[in-house]
$ cat query-v5.tsv   # TSV, C-alpha atoms and all ligand atoms
chain	number	residue	atom	x	y	z
C	1	MET	CA	-9.19	255.27	147.52
C	2	LYS	CA	-11.95	256.40	145.14
C	3	PRO	CA	-12.73	260.09	145.73
C	4	LYS	CA	-16.24	260.86	146.99
C	5	GLU	CA	-18.56	262.09	144.22
C	6	ILE	CA	-20.50	265.24	145.08
C	7	LEU	CA	-23.36	266.74	143.08
C	8	VAL	CA	-23.72	270.52	143.53
C	9	LEU	CA	-26.82	272.40	142.36
C	10	GLY	CA	-26.59	276.19	142.09
C	11	ALA	CA	-22.80	275.94	141.78
C	12	SER	CA	-22.31	279.16	139.82
C	13	GLY	CA	-23.66	281.36	142.65
C	14	GLN	CA	-21.78	283.12	145.42
C	15	LEU	CA	-21.53	280.08	147.69
C	16	GLY	CA	-21.18	277.60	144.86
C	17	ARG	CA	-18.07	278.97	143.22
C	18	HIS	CA	-16.21	279.24	146.53
C	19	LEU	CA	-17.35	275.78	147.53
C	20	LEU	CA	-16.20	274.17	144.27
C	21	ARG	CA	-12.65	275.37	144.94
C	22	LYS	CA	-12.71	274.07	148.52
C	23	LEU	CA	-14.18	270.68	147.68
C	24	THR	CA	-12.00	269.90	144.67
C	25	LYS	CA	-8.86	270.95	146.61
C	26	LYS	CA	-9.90	268.40	149.23
C	27	ASN	CA	-10.02	265.72	146.51
C	28	TYR	CA	-13.76	265.44	146.18
C	29	LYS	CA	-14.96	264.88	142.60
C	30	VAL	CA	-17.67	267.44	141.86
C	31	THR	CA	-20.48	267.49	139.30
C	32	ALA	CA	-21.84	271.03	139.01
C	33	LEU	CA	-25.32	271.62	137.58
C	34	THR	CA	-26.12	274.86	135.82
C	35	ARG	CA	-29.09	276.10	133.81
C	36	ASN	CA	-26.87	277.64	131.14
C	37	ILE	CA	-23.45	276.24	130.40
C	38	HIS	CA	-22.71	279.01	127.87
C	39	THR	CA	-23.07	281.87	130.34
C	40	LYS	CA	-21.93	280.09	133.52
C	41	GLY	CA	-19.42	277.53	132.17
C	42	TYR	CA	-16.48	279.95	132.29
C	43	ILE	CA	-17.13	280.80	135.96
C	44	LEU	CA	-17.39	277.15	136.88
C	45	LYS	CA	-14.47	275.83	134.81
C	46	SER	CA	-11.97	278.17	136.41
C	47	GLN	CA	-12.78	276.97	139.96
C	48	ALA	CA	-11.15	273.53	139.79
C	49	ASN	CA	-8.35	271.52	138.23
C	50	ALA	CA	-9.19	269.43	135.18
C	51	GLY	CA	-10.50	266.02	136.12
C	52	TRP	CA	-12.09	267.13	139.39
C	53	LEU	CA	-15.08	268.96	137.96
C	54	ASP	CA	-17.82	267.92	135.52
C	55	ILE	CA	-20.29	270.55	134.38
C	56	VAL	CA	-23.77	269.48	133.38
C	57	GLU	CA	-26.45	271.73	131.88
C	58	LEU	CA	-29.98	271.19	133.16
C	59	ASN	CA	-32.59	273.86	132.72
C	60	LYS	CA	-35.70	271.94	133.71
C	61	PHE	CA	-35.82	269.84	136.84
C	62	ASN	CA	-36.94	266.76	135.04
C	63	TYR	CA	-37.02	263.64	137.23
C	64	GLU	CA	-35.63	261.25	134.57
C	65	LYS	CA	-32.68	263.51	133.74
C	66	LEU	CA	-31.89	264.14	137.39
C	67	GLU	CA	-32.15	260.42	138.12
C	68	LYS	CA	-29.31	259.73	135.65
C	69	ILE	CA	-27.18	262.50	137.18
C	70	PHE	CA	-27.71	261.12	140.69
C	71	LYS	CA	-26.31	257.68	139.77
C	72	ASN	CA	-23.00	256.94	141.58
C	73	LYS	CA	-23.10	260.14	143.65
C	74	ASP	CA	-22.26	260.01	147.36
C	75	ILE	CA	-23.42	263.47	148.42
C	76	CYS	CA	-25.81	266.09	147.01
C	77	ILE	CA	-25.53	269.78	147.96
C	78	ASN	CA	-28.41	272.08	147.06
C	79	LEU	CA	-27.43	275.76	146.85
C	80	ILE	CA	-30.32	276.88	144.64
C	81	GLY	CA	-32.30	279.76	146.05
C	82	ILE	CA	-34.06	282.91	144.83
C	83	LEU	CA	-34.90	286.27	146.39
C	84	ASN	CA	-37.66	287.26	143.94
C	85	GLU	CA	-40.23	285.25	142.06
C	86	LYS	CA	-40.01	285.36	138.26
C	87	ASN	CA	-42.18	283.49	135.75
C	88	LYS	CA	-42.05	279.80	136.69
C	89	SER	CA	-39.38	280.35	139.35
C	90	SER	CA	-41.80	280.64	142.22
C	91	PHE	CA	-40.68	280.37	145.84
C	92	ASN	CA	-42.74	277.20	146.13
C	93	ASN	CA	-41.07	275.55	143.11
C	94	ILE	CA	-37.51	276.51	144.04
C	95	HIS	CA	-37.50	276.31	147.85
C	96	SER	CA	-40.05	273.61	148.49
C	97	LEU	CA	-40.77	271.32	145.50
C	98	LEU	CA	-37.17	271.11	144.24
C	99	PRO	CA	-35.69	270.19	147.67
C	100	LYS	CA	-38.46	267.57	148.00
C	101	LEU	CA	-37.47	266.06	144.65
C	102	LEU	CA	-33.78	266.09	145.60
C	103	ALA	CA	-34.50	264.42	148.93
C	104	GLU	CA	-36.47	261.68	147.12
C	105	LEU	CA	-33.63	261.12	144.66
C	106	SER	CA	-31.08	261.10	147.50
C	107	LYS	CA	-33.10	258.40	149.24
C	108	GLU	CA	-33.63	256.35	146.09
C	109	ASN	CA	-29.92	256.45	145.26
C	110	ARG	CA	-28.86	255.79	148.87
C	111	LEU	CA	-26.68	258.87	149.16
C	112	SER	CA	-24.68	259.18	152.35
C	113	GLN	CA	-25.72	262.85	152.81
C	114	PHE	CA	-28.01	265.53	151.35
C	115	ILE	CA	-26.91	269.03	152.36
C	116	HIS	CA	-29.55	271.69	151.83
C	117	ILE	CA	-29.10	275.42	152.39
C	118	SER	CA	-32.17	277.06	153.86
C	119	ALA	CA	-32.09	280.38	155.73
C	120	LEU	CA	-31.90	281.70	159.30
C	121	GLY	CA	-34.98	283.19	160.95
C	122	VAL	CA	-37.59	281.77	158.57
C	123	GLU	CA	-39.59	280.28	161.46
C	124	SER	CA	-40.53	283.71	162.80
C	125	ALA	CA	-41.13	285.49	159.46
C	126	ILE	CA	-43.84	283.09	158.41
C	127	GLU	CA	-46.06	285.75	156.68
C	128	SER	CA	-43.27	286.11	154.14
C	129	LYS	CA	-43.68	283.88	151.07
C	130	TYR	CA	-39.89	283.41	150.93
C	131	ALA	CA	-39.71	282.31	154.57
C	132	LYS	CA	-42.72	280.01	154.32
C	133	SER	CA	-41.32	278.25	151.23
C	134	LYS	CA	-37.87	277.80	152.83
C	135	LEU	CA	-39.48	276.31	155.93
C	136	ASP	CA	-41.73	274.01	153.84
C	137	GLY	CA	-38.60	272.80	152.00
C	138	GLU	CA	-36.88	271.96	155.30
C	139	ASN	CA	-39.90	270.00	156.54
C	140	GLN	CA	-40.30	268.09	153.26
C	141	ILE	CA	-36.64	266.98	153.40
C	142	LYS	CA	-36.84	265.90	157.04
C	143	ASN	CA	-39.90	263.76	156.27
C	144	ILE	CA	-38.30	262.05	153.27
C	145	PHE	CA	-34.59	261.41	153.86
C	146	LYS	CA	-32.92	260.79	157.19
C	147	ASN	CA	-29.38	261.57	155.98
C	148	TYR	CA	-30.13	265.28	155.63
C	149	THR	CA	-28.09	268.22	156.87
C	150	ILE	CA	-29.98	271.51	156.79
C	151	LEU	CA	-27.86	274.64	157.10
C	152	LYS	CA	-29.57	277.94	157.91
C	153	PRO	CA	-27.23	280.89	157.32
C	154	SER	CA	-27.70	284.54	158.23
C	155	ILE	CA	-26.54	286.94	155.49
C	156	VAL	CA	-23.59	285.54	153.54
C	157	TYR	CA	-21.33	288.23	152.08
C	158	SER	CA	-18.32	288.51	149.78
C	159	VAL	CA	-17.26	290.30	146.63
C	160	ASN	CA	-19.59	287.94	144.72
C	161	ASP	CA	-22.74	288.63	146.78
C	162	ASN	CA	-25.94	290.50	145.89
C	163	PHE	CA	-26.02	292.25	149.28
C	164	THR	CA	-22.94	294.32	150.10
C	165	THR	CA	-22.18	294.92	146.42
C	166	MET	CA	-25.70	296.29	145.85
C	167	LEU	CA	-25.44	298.48	148.96
C	168	PHE	CA	-22.04	299.81	147.85
C	169	GLY	CA	-23.55	300.78	144.49
C	170	ILE	CA	-26.66	302.46	145.91
C	171	LEU	CA	-24.87	304.29	148.73
C	172	LYS	CA	-22.26	305.62	146.33
C	173	LEU	CA	-25.00	306.94	144.04
C	174	LEU	CA	-27.70	308.34	146.36
C	175	PRO	CA	-27.35	311.18	148.90
C	176	ILE	CA	-30.19	309.74	151.03
C	177	PHE	CA	-30.67	306.11	152.05
C	178	PRO	CA	-33.93	304.72	153.54
C	179	LEU	CA	-33.85	302.80	156.82
C	180	TYR	CA	-36.72	300.34	157.21
C	181	TYR	CA	-37.79	299.58	160.80
C	182	GLU	CA	-35.28	302.31	161.79
C	183	GLY	CA	-32.45	299.98	160.71
C	184	LYS	CA	-32.87	297.91	163.88
C	185	THR	CA	-33.14	294.47	162.23
C	186	VAL	CA	-30.32	292.27	163.51
C	187	PHE	CA	-28.02	290.11	161.36
C	188	TYR	CA	-24.99	287.93	162.00
C	189	PRO	CA	-23.09	288.36	158.69
C	190	LEU	CA	-21.03	285.36	157.67
C	191	HIS	CA	-18.22	285.57	155.14
C	192	VAL	CA	-18.65	283.13	152.24
C	193	THR	CA	-15.39	281.30	153.05
C	194	ASP	CA	-16.60	280.73	156.64
C	195	MET	CA	-19.88	279.33	155.29
C	196	CYS	CA	-17.96	277.03	152.91
C	197	GLU	CA	-15.83	275.83	155.84
C	198	ILE	CA	-19.06	274.85	157.63
C	199	ILE	CA	-20.16	272.81	154.59
C	200	GLU	CA	-16.72	271.17	154.37
C	201	LYS	CA	-16.85	270.25	158.09
C	202	VAL	CA	-20.38	268.80	157.97
C	203	ILE	CA	-19.14	266.52	155.18
C	204	GLU	CA	-15.92	265.54	156.97
C	205	LYS	CA	-17.75	264.86	160.25
C	206	ASN	CA	-20.71	263.26	158.43
C	207	LEU	CA	-23.15	265.34	160.50
C	208	ILE	CA	-26.46	263.87	159.35
C	209	GLY	CA	-29.98	264.30	160.72
C	210	GLU	CA	-28.94	267.79	161.85
C	211	THR	CA	-30.28	271.29	161.35
C	212	ILE	CA	-27.60	273.89	162.02
C	213	GLU	CA	-28.04	277.65	162.30
C	214	CYS	CA	-25.04	279.35	160.72
C	215	ILE	CA	-23.87	282.72	162.02
C	216	GLY	CA	-20.87	284.98	161.79
C	217	PRO	CA	-18.91	286.34	164.77
C	218	GLU	CA	-20.62	289.77	164.99
C	219	LYS	CA	-24.18	290.81	165.79
C	220	MET	CA	-24.93	293.83	163.58
C	221	SER	CA	-28.05	295.90	163.09
C	222	PHE	CA	-28.92	296.86	159.51
C	223	LYS	CA	-28.00	300.46	160.40
C	224	LYS	CA	-24.58	299.29	161.63
C	225	VAL	CA	-24.04	297.43	158.33
C	226	ILE	CA	-24.82	300.61	156.38
C	227	GLU	CA	-22.58	302.71	158.64
C	228	SER	CA	-19.69	300.24	158.14
C	229	ILE	CA	-20.10	300.47	154.37
C	230	LEU	CA	-20.19	304.30	154.49
C	231	LYS	CA	-17.06	304.33	156.66
C	232	THR	CA	-15.24	302.04	154.23
C	233	LEU	CA	-16.26	304.23	151.30
C	234	GLU	CA	-15.24	307.33	153.28
C	235	ILE	CA	-18.53	309.06	152.43
C	236	LYS	CA	-21.44	310.50	154.43
C	237	ARG	CA	-25.09	309.91	153.57
C	238	PHE	CA	-28.35	310.94	155.21
C	239	LEU	CA	-30.01	307.83	156.69
C	240	LEU	CA	-33.74	308.44	156.57
C	241	PRO	CA	-36.08	306.26	158.68
C	242	MET	CA	-38.85	305.34	156.21
C	243	PRO	CA	-42.40	304.34	157.28
C	244	ILE	CA	-43.27	300.89	155.98
C	245	SER	CA	-46.40	302.16	154.23
C	246	ILE	CA	-44.20	304.37	152.01
C	247	ALA	CA	-41.55	301.65	151.60
C	248	ASN	CA	-44.33	299.34	150.35
C	249	ILE	CA	-45.26	301.86	147.62
C	250	PHE	CA	-41.63	301.96	146.44
C	251	ALA	CA	-41.39	298.16	146.59
C	252	THR	CA	-44.57	297.82	144.47
C	253	LEU	CA	-43.07	300.18	141.89
C	254	PHE	CA	-39.72	298.38	141.83
C	255	GLU	CA	-41.47	295.04	141.36
C	256	LEU	CA	-43.43	296.47	138.43
C	257	ILE	CA	-40.55	298.06	136.54
C	258	MET	CA	-37.34	296.23	137.52
C	259	LYS	CA	-36.14	292.75	136.58
C	260	ASN	CA	-34.21	292.55	139.87
C	261	PRO	CA	-36.09	294.93	142.22
C	262	LEU	CA	-34.00	296.87	144.77
C	263	ILE	CA	-36.45	295.71	147.43
C	264	THR	CA	-39.70	293.73	147.30
C	265	LYS	CA	-42.77	293.74	149.53
C	266	ASP	CA	-41.83	290.24	150.69
C	267	GLN	CA	-38.33	291.40	151.68
C	268	LEU	CA	-39.89	294.23	153.69
C	269	ILE	CA	-41.81	291.59	155.66
C	270	LEU	CA	-38.58	289.63	156.23
C	271	LEU	CA	-36.81	292.74	157.52
C	272	LYS	CA	-39.40	293.04	160.28
C	273	TYR	CA	-37.80	290.06	162.03
C	274	ASP	CA	-34.31	289.73	163.46
C	275	ASN	CA	-32.07	287.32	161.60
C	276	SER	CA	-30.85	285.65	164.80
C	277	PRO	CA	-30.45	282.07	166.04
C	278	SER	CA	-33.75	280.66	167.32
C	279	GLY	CA	-32.22	278.62	170.15
C	280	LYS	CA	-34.08	275.61	168.73
C	281	TYR	CA	-31.03	274.28	166.88
C	282	LYS	CA	-27.28	274.16	167.45
C	283	THR	CA	-25.18	276.77	165.69
C	284	ASN	CA	-21.88	276.41	163.85
C	285	ILE	CA	-20.29	278.05	166.92
C	286	ASP	CA	-21.78	275.46	169.31
C	287	LEU	CA	-20.45	272.70	167.06
C	288	LYS	CA	-17.04	274.41	166.62
C	289	LEU	CA	-17.22	274.12	162.84
C	290	ASN	CA	-15.04	277.18	162.09
C	291	SER	CA	-11.30	277.36	162.74
C	292	GLU	CA	-11.42	281.18	162.68
C	293	PHE	CA	-13.84	283.86	161.50
C	294	LYS	CA	-13.60	286.74	159.09
C	295	TYR	CA	-14.83	290.15	160.33
C	296	PHE	CA	-17.19	292.37	158.35
C	297	ASP	CA	-15.30	295.71	158.31
C	298	ARG	CA	-11.99	294.13	157.42
C	299	GLU	CA	-13.41	291.92	154.65
C	300	ILE	CA	-15.55	294.54	152.88
C	301	ALA	CA	-12.56	296.91	152.91
C	302	LYS	CA	-10.77	294.41	150.61
C	303	TYR	CA	-13.23	295.00	147.76
C	304	SER	CA	-14.74	298.41	148.59
C	305	TYR	CA	-12.16	300.18	146.42
C	306	MET	CA	-14.23	299.24	143.35
C	307	TRP	CA	-16.83	301.81	144.47
C	308	LYS	CA	-14.39	304.48	145.59
C	309	ASP	CA	-13.22	307.44	143.56
C	310	GLY	CA	-9.94	306.36	142.00
C	311	GLY	CA	-10.95	302.68	141.86
C	312	GLU	CA	-7.84	300.48	141.90
C	313	PHE	CA	-5.71	303.41	143.07
C	314	ALA	CA	-7.97	303.96	146.11
C	315	LYS	CA	-6.91	300.60	147.60
C	316	SER	CA	-5.75	300.99	151.16
C	317	LYS	CA	-3.07	298.74	152.60
C	318	ILE	CA	-4.57	296.06	154.86
K	401	LIG	N1	-26.44	284.82	150.21
K	401	LIG	C1	-27.07	284.94	151.36
K	401	LIG	O1	-26.95	285.95	152.09
K	401	LIG	C2	-27.95	283.81	151.85
K	401	LIG	C3	-28.53	283.88	153.13
K	401	LIG	C4	-29.35	282.85	153.56
K	401	LIG	C5	-29.58	281.75	152.75
K	401	LIG	N2	-29.00	281.70	151.51
K	401	LIG	C6	-29.25	280.53	150.66
K	401	LIG	O2	-28.02	279.93	150.30
K	401	LIG	C7	-28.12	279.36	148.98
K	401	LIG	C8	-26.95	279.86	148.12
K	401	LIG	O3	-26.90	281.27	148.16
K	401	LIG	P1	-26.03	282.11	147.12
K	401	LIG	O4	-25.80	283.45	147.74
K	401	LIG	O5	-24.87	281.32	146.64
K	401	LIG	O6	-27.11	282.28	145.95
K	401	LIG	P2	-26.87	282.84	144.46
K	401	LIG	O7	-25.55	283.50	144.35
K	401	LIG	O8	-28.09	283.60	144.10
K	401	LIG	O9	-26.81	281.50	143.59
K	401	LIG	C9	-27.85	280.61	143.50
K	401	LIG	C10	-27.67	279.75	142.24
K	401	LIG	O10	-28.89	279.03	142.06
K	401	LIG	C11	-29.17	278.89	140.67
K	401	LIG	N3	-30.51	279.42	140.41
K	401	LIG	C12	-30.95	280.68	140.65
K	401	LIG	N4	-32.24	280.79	140.27
K	401	LIG	C13	-32.59	279.59	139.79
K	401	LIG	C14	-33.79	279.07	139.23
K	401	LIG	N5	-34.87	279.83	139.07
K	401	LIG	N6	-33.80	277.79	138.83
K	401	LIG	C15	-32.71	277.03	138.97
K	401	LIG	N7	-31.54	277.45	139.48
K	401	LIG	C16	-31.50	278.71	139.88
K	401	LIG	C17	-28.16	279.72	139.89
K	401	LIG	O11	-27.26	278.82	139.25
K	401	LIG	P3	-27.22	278.66	137.63
K	401	LIG	O12	-27.52	279.99	137.03
K	401	LIG	O13	-25.83	278.18	137.36
K	401	LIG	O14	-28.24	277.62	137.30
K	401	LIG	C18	-27.46	280.53	140.96
K	401	LIG	O15	-26.11	280.68	140.69
K	401	LIG	C19	-29.50	279.76	148.47
K	401	LIG	O16	-30.42	278.72	148.71
K	401	LIG	C20	-29.90	280.95	149.34
K	401	LIG	O17	-31.30	281.08	149.49
K	401	LIG	C21	-28.18	282.70	151.06

$ encode --input "query-v5.tsv" --output "structure tokens" --more "lines below"
Ligand SMILES: NC(=O)c1ccc[n+]([C@@H]2O[C@H](COP(=O)([O-])OP(=O)(O)OC[C@H]3O[C@@H](n4cnc5c(N)ncnc54)[C@H](OP(=O)(O)O)[C@@H]3O)[C@@H](O)[C@H]2O)c1
Amino acid sequence: MKPKEILVLGASGQLGRHLLRKLTKKNYKVTALTRNIHTKGYILKSQANAGWLDIVELNKFNYEKLEKIFKNKDICINLIGILNEKNKSSFNNIHSLLPKLLAELSKENRLSQFIHISALGVESAIESKYAKSKLDGENQIKNIFKNYTILKPSIVYSVNDNFTTMLFGILKLLPIFPLYYEGKTVFYPLHVTDMCEIIEKVIEKNLIGETIECIGPEKMSFKKVIESILKTLEIKRFLLPMPISIANIFATLFELIMKNPLITKDQLILLKYDNSPSGKYKTNIDLKLNSEFKYFDREIAKYSYMWKDGGEFAKSKI
């Protein structure tokens, strides 16, 4: 039987590289799109056996070029997302206009499924530009193509993330760490392999016309996340509740001077709202999409040694 052809956008990111391994092992033929084959090709190439992965460079989302790439594809998976706006990469372009274009192309090419990754909790945080653009993207897709599957994850973590790895770095360096909203914001962290299993299952079960909220097994406040990281690193830090007015001054400064700001004003708005299931949609747990879950403390311990004194030699037996 001819293997299903899957087009993956944003394949070099945290979710993408794990997903490529999973999909190609399951005998799906994957075409991975990247903006820069010279810098990302080596990451992508090593994720799959020869013959199961094609890498295509595309740095402008030009309709004609994308139209050619869409020919003969069965499924499209969009993993492209940004946390900060830079130059032409605005939230509106990346989270709203691009998904709209992909939904149109999926319809035109009669794909069996278009899987789009949005984010959990964006309905409540609507004053955030990030949240608004993610929600607009979801609505555009639903209006255009009926074979959609929208997945809305809470924080996704792994050794390749921009979340725990950044926190490890900062907490190791600074004696004091700021807590916004007293660290009470709630998350349901989901390990990247659990998120990839959800994507694999929605393909296998052909779950179309569905919006699914994706959560991990533990409800954790932001403060609990920080405390877990400190415990893993075996260090103590002073956790300082920071008023939002002061946090906004820092965020403005970071945005002015840093290419990848530690925190932005928009992220401060997002942190005001819990990252919890809305109750409006089914979750991965309701749909029994995971065979088992990974747990935060145990997983971060596997890569925390990189930030510990002694590095490799600080590895504890798990
Ligand atoms: N990680 C989380 O905690 C989390 C939580 C909720 C939702 N999500 C969503 O899940 C999706 C995947 O997340 P992830 O953690 O795998 O993201 P990631 O590691 O940041 O990867 C995203 C990929 O998108 C591509 N990309 C980034 N900026 C782009 C731009 N301006 N134009 C075109 N392509 C661009 C990049 O691929 P190339 O450089 O190869 O082009 C990048 O590798 C995103 O939509 C994200 O918003 C993630």

$ residues_around --input "query-v5.tsv" --residues "stretch 57-67 of chain C" --least-positions-apart "4" --cutoff "10 Å" --atoms "only C-alpha atoms" --output "ChimeraX atom specification"
/C:9,32-38,40-41,71,93-94,98,101-102,105-106,108-109

$ closest_atom_pairs --input "query-v5.tsv" --of "chain C" --to "ligand LIG 401 (chain K)" --cutoff "6 Å" --atoms "only C-alpha atoms and all ligand atoms" --output "Markdown table"
| residue | atom | partner | partner_atom | distance |
| --- | --- | --- | --- | --- |
| C:Gly10 | CA | K:LIG401 | O10 | 3.7 |
| C:Ala11 | CA | K:LIG401 | O13 | 5.8 |
| C:Ser12 | CA | K:LIG401 | O15 | 4.2 |
| C:Gly13 | CA | K:LIG401 | O15 | 3.2 |
| C:Gln14 | CA | K:LIG401 | O5 | 3.8 |
| C:Leu15 | CA | K:LIG401 | O5 | 3.7 |
| C:Gly16 | CA | K:LIG401 | O5 | 5.5 |
| C:Thr34 | CA | K:LIG401 | O13 | 3.7 |
| C:Arg35 | CA | K:LIG401 | O14 | 3.9 |
| C:Lys40 | CA | K:LIG401 | O13 | 5.8 |
| C:Leu79 | CA | K:LIG401 | C7 | 4.2 |
| C:Ile80 | CA | K:LIG401 | O10 | 3.7 |
| C:Gly81 | CA | K:LIG401 | O16 | 3.4 |
| C:Ile82 | CA | K:LIG401 | N4 | 5.3 |
| C:Ser89 | CA | K:LIG401 | N5 | 4.5 |
| C:Ile117 | CA | K:LIG401 | O2 | 5.1 |
| C:Ser118 | CA | K:LIG401 | C5 | 5.5 |
| C:Ala119 | CA | K:LIG401 | C5 | 4.1 |
| C:Pro153 | CA | K:LIG401 | C4 | 4.7 |
| C:Ser154 | CA | K:LIG401 | C3 | 5.2 |
| C:Ile155 | CA | K:LIG401 | O1 | 3.6 |
| C:Val156 | CA | K:LIG401 | O1 | 3.7 |

$ write_last_selection --input "query-v5.tsv" --atoms "C-alpha atoms" --output "PDB file, in the frame of the given file"
ATOM      1  CA  GLY C  10     -26.590 276.190 142.090  1.00  0.00           C
ATOM      2  CA  ALA C  11     -22.800 275.940 141.780  1.00  0.00           C
ATOM      3  CA  SER C  12     -22.310 279.160 139.820  1.00  0.00           C
ATOM      4  CA  GLY C  13     -23.660 281.360 142.650  1.00  0.00           C
ATOM      5  CA  GLN C  14     -21.780 283.120 145.420  1.00  0.00           C
ATOM      6  CA  LEU C  15     -21.530 280.080 147.690  1.00  0.00           C
ATOM      7  CA  GLY C  16     -21.180 277.600 144.860  1.00  0.00           C
ATOM      8  CA  THR C  34     -26.120 274.860 135.820  1.00  0.00           C
ATOM      9  CA  ARG C  35     -29.090 276.100 133.810  1.00  0.00           C
ATOM     10  CA  LYS C  40     -21.930 280.090 133.520  1.00  0.00           C
ATOM     11  CA  LEU C  79     -27.430 275.760 146.850  1.00  0.00           C
ATOM     12  CA  ILE C  80     -30.320 276.880 144.640  1.00  0.00           C
ATOM     13  CA  GLY C  81     -32.300 279.760 146.050  1.00  0.00           C
ATOM     14  CA  ILE C  82     -34.060 282.910 144.830  1.00  0.00           C
ATOM     15  CA  SER C  89     -39.380 280.350 139.350  1.00  0.00           C
ATOM     16  CA  ILE C 117     -29.100 275.420 152.390  1.00  0.00           C
ATOM     17  CA  SER C 118     -32.170 277.060 153.860  1.00  0.00           C
ATOM     18  CA  ALA C 119     -32.090 280.380 155.730  1.00  0.00           C
ATOM     19  CA  PRO C 153     -27.230 280.890 157.320  1.00  0.00           C
ATOM     20  CA  SER C 154     -27.700 284.540 158.230  1.00  0.00           C
ATOM     21  CA  ILE C 155     -26.540 286.940 155.490  1.00  0.00           C
ATOM     22  CA  VAL C 156     -23.590 285.540 153.540  1.00  0.00           C
TER      23      VAL C 156
END

$ atom_distance --input "query-v5.tsv" --atom1 "atom CA of C:Pro99" --atom2 "atom CA of C:Thr149"
12.1 Å

$ residues_around --input "query-v5.tsv" --residues "C:Ala131" --least-positions-apart "6" --cutoff "10 Å" --atoms "all atoms listed in the file" --output "ChimeraX atom specification"
/C:91,95,118-125,137,266-267,269-270

$ write_last_selection --input "query-v5.tsv" --atoms "C-alpha atoms" --output "CSV table (one decimal), in the frame of the given file"
chain,number,residue,atom,x,y,z
C,91,PHE,CA,-40.7,280.4,145.8
C,95,HIS,CA,-37.5,276.3,147.8
C,118,SER,CA,-32.2,277.1,153.9
C,119,ALA,CA,-32.1,280.4,155.7
C,120,LEU,CA,-31.9,281.7,159.3
C,121,GLY,CA,-35.0,283.2,161.0
C,122,VAL,CA,-37.6,281.8,158.6
C,123,GLU,CA,-39.6,280.3,161.5
C,124,SER,CA,-40.5,283.7,162.8
C,125,ALA,CA,-41.1,285.5,159.5
C,137,GLY,CA,-38.6,272.8,152.0
C,266,ASP,CA,-41.8,290.2,150.7
C,267,GLN,CA,-38.3,291.4,151.7
C,269,ILE,CA,-41.8,291.6,155.7
C,270,LEU,CA,-38.6,289.6,156.2

$ residues_around --input "query-v5.tsv" --residues "C:Phe168" --least-positions-apart "2" --cutoff "8 Å" --atoms "only C-alpha atoms" --output "MDAnalysis selection string"
chainID C and resid 164:166 170:172 229 304 307

$ closest_residue --input "query-v5.tsv" --among "C:Met1, C:Ser96, C:Thr283, C:Leu83" --to "C:Lys132" --atoms "all atoms listed in the file"
C:Ser96

$ atom_distance --input "query-v5.tsv" --atom1 "atom CA of C:Cys214" --atom2 "atom CA of C:Asp286"
10.0 Å

$ closest_residue --input "query-v5.tsv" --among "C:Leu289, C:Leu173, C:Lys25, C:Asn147" --to "C:Lys201" --atoms "all atoms listed in the file"
C:Leu289

$ closest_residue --input "query-v5.tsv" --among "C:Asn162, C:Ser221, C:Ser291, C:Ser228" --to "C:Tyr273" --atoms "only C-alpha atoms"
C:Ser221

$ atom_distance --input "query-v5.tsv" --atom1 "atom CA of C:Lys4" --atom2 "atom CA of C:Glu138"
24.9 Å

$ closest_residue --input "query-v5.tsv" --among "C:Asn84, C:Thr211, C:Asn78, C:Asn143" --to "C:Pro277" --atoms "all atoms listed in the file"
C:Thr211

$ residues_around --input "query-v5.tsv" --residues "C:Arg110" --least-positions-apart "5" --cutoff "10 Å" --atoms "only C-alpha atoms" --output "mmCIF file with C-alpha atoms, in the coordinates of the input"
data_model
loop_
_atom_site.group_PDB
_atom_site.id
_atom_site.type_symbol
_atom_site.label_atom_id
_atom_site.label_comp_id
_atom_site.auth_asym_id
_atom_site.auth_seq_id
_atom_site.Cartn_x
_atom_site.Cartn_y
_atom_site.Cartn_z
ATOM 1 C CA PHE C 70 -27.710 261.120 140.690
ATOM 2 C CA LYS C 71 -26.310 257.680 139.770
ATOM 3 C CA ASN C 72 -23.000 256.940 141.580
ATOM 4 C CA LYS C 73 -23.100 260.140 143.650
ATOM 5 C CA ASP C 74 -22.260 260.010 147.360
ATOM 6 C CA ILE C 75 -23.420 263.470 148.420
ATOM 7 C CA GLU C 104 -36.470 261.680 147.120
ATOM 8 C CA LEU C 105 -33.630 261.120 144.660
ATOM 9 C CA PHE C 145 -34.590 261.410 153.860
ATOM 10 C CA ASN C 147 -29.380 261.570 155.980
#

$ closest_residue --input "query-v5.tsv" --among "C:Lys29, C:Ser245, C:Tyr305, C:Ile115" --to "C:Asn206" --atoms "all atoms listed in the file"
C:Ile115

$ closest_residue --input "query-v5.tsv" --among "C:Lys219, C:Ser90, C:Lys129, C:Leu23" --to "C:Lys265" --atoms "only C-alpha atoms"
C:Lys129

$ residues_around --input "query-v5.tsv" --residues "C:Phe222" --least-positions-apart "6" --cutoff "8 Å" --atoms "all atoms listed in the file" --output "list in words"
Gly183, Lys184, Thr185, Val186 and Phe187 of chain C

$ axis_aligned_box --input "query-v5.tsv" --around "stretch 158-172 of chain C" --padding-each-side "4 Å" --output "lines of an AutoDock Vina configuration file"
center_x = -22.0
center_y = 296.8
center_z = 147.3
size_x = 17.4
size_y = 25.7
size_z = 13.6
